[in-house]
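Here the structure is laid out as structure tokens; the discussion comes afterwards.
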Amino acid sequence: MKWGMNIVGKLPVARGGKVFMLVMTDYFSKWIEAEAFAQTPYSLVFGTEAVIPTEVVIPTARYLLQDQENNDRILTQDLDTIDELTDLAKIRMADHQQRTTKAYNGNIMVRRFQIGDLVLRKTFQNTKDPSAGKLAPKWEGPYLVDAEAGKGAYWLATLEGDFLPRSWNSIHHKAYYM
């Protein structure tokens, strides 16, 4: 599993004073997550605000209001909620995967063939003639549906009766009646 992360900003101020956007991309599914934040990019990465060295020498109100006990309490609270945040992220990711699966499966058209039907099979990169170039035919065949191999999958044979080595799934791959 590999994720890419990018912080975009400073953007125009949105509701809640949010001016930064954290964008994460799952490289496997190409799923994108984006969320707006009011914090600085430093605080998004390290979980705390940056203090520049001059604030230590010449204290500002922000630096003076921080004490070690308050800082430790906030860090401990963050450690206590990390499991909850992880669980929420997993739930969100599972929900997105389910919605993506549902959208993908909603576009699949089930085609049923009978034994003896003539069909054309879509060619793919590994089945095309490499010397044909981009003008190569997009379909190959015709083939005879010889037997049903399972749920939506068929064994195909050439018109001469030679069997093809692998079954063909009409649900996930394209095959058309002749």
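Naming scheme: A, B, ... for chains in displayed order of the structure tokens; residues 1 onward per chain; ligands 1 onward as shown.
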Output as a list in words all residues of stretch 67-177 of chain A that backbone DSSP marks as strand (DSSP E).
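Matching residues for strand (DSSP E) in stretch 67-177 of chain A are Leu118, Val119, Leu120, Arg121, Lys122, Trp139, Glu140, Gly141, Pro142, Tyr143, Leu144, Val145, Asp146, Ala147, Glu148, Ala149, Gly150, Ala153, Tyr154, Trp155, Leu156, Ala157, Trp168, Asn169, Ala175, Tyr176 and Tyr177 of chain A.
Every residue of stretch 93-123 of chain A with a DSSP assignment of helix (DSSP H, G or I), taken from the backbone, is listed as Met93, Ala94, Asp95, His96, Gln97, Gln98, Arg99, Thr100, Thr101, Lys102, Ala103, Tyr104, Asn105 and Gly106 of chain A.
Residues lying within 12 Å of A:Gly16, counting only C-alpha atoms and ignoring same-chain neighbours fewer than 3 positions away, are Pro12, Val13, Val19, Phe20, Ala36, Phe37, Ala38 and Gln39 of chain A.
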Shell around A:Asp162 at 12 Å using only C-alpha atoms, local window under 3 positions removed, as a list in words
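Listed by chain and then number, they are Tyr143, Leu144, Val145, Asp146, Trp155, Leu156, Ala157, Thr158, Leu159 and Pro165 of chain A.
Between atom CA of A:Phe28 and atom CA of A:Lys2 the separation is 7.1 Å.
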Which of these residues is nearest to A:Ala89, using only C-alpha atoms: A:Glu33, A:Glu160, A:Glu148, A:Glu140?
A:Glu33
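The residue that comes closest to A:Arg99, out of A:Trp31, A:Met24, A:Gly133, A:Pro142 and on the basis of only C-alpha atoms, is A:Trp31.
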By how many Å are atom CA of A:Lys122 and atom CA of A:Gly141 apart?
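One can read the atom CA of A:Lys122 to atom CA of A:Gly141 distance as 8.8 Å.
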Which residue is closest to A:Val110? Choose from A:Val23, A:Leu11, A:Leu164, A:Ala153 and count only C-alpha atoms.
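Residue with the minimum atom-to-atom distance to A:Val110: A:Ala153.
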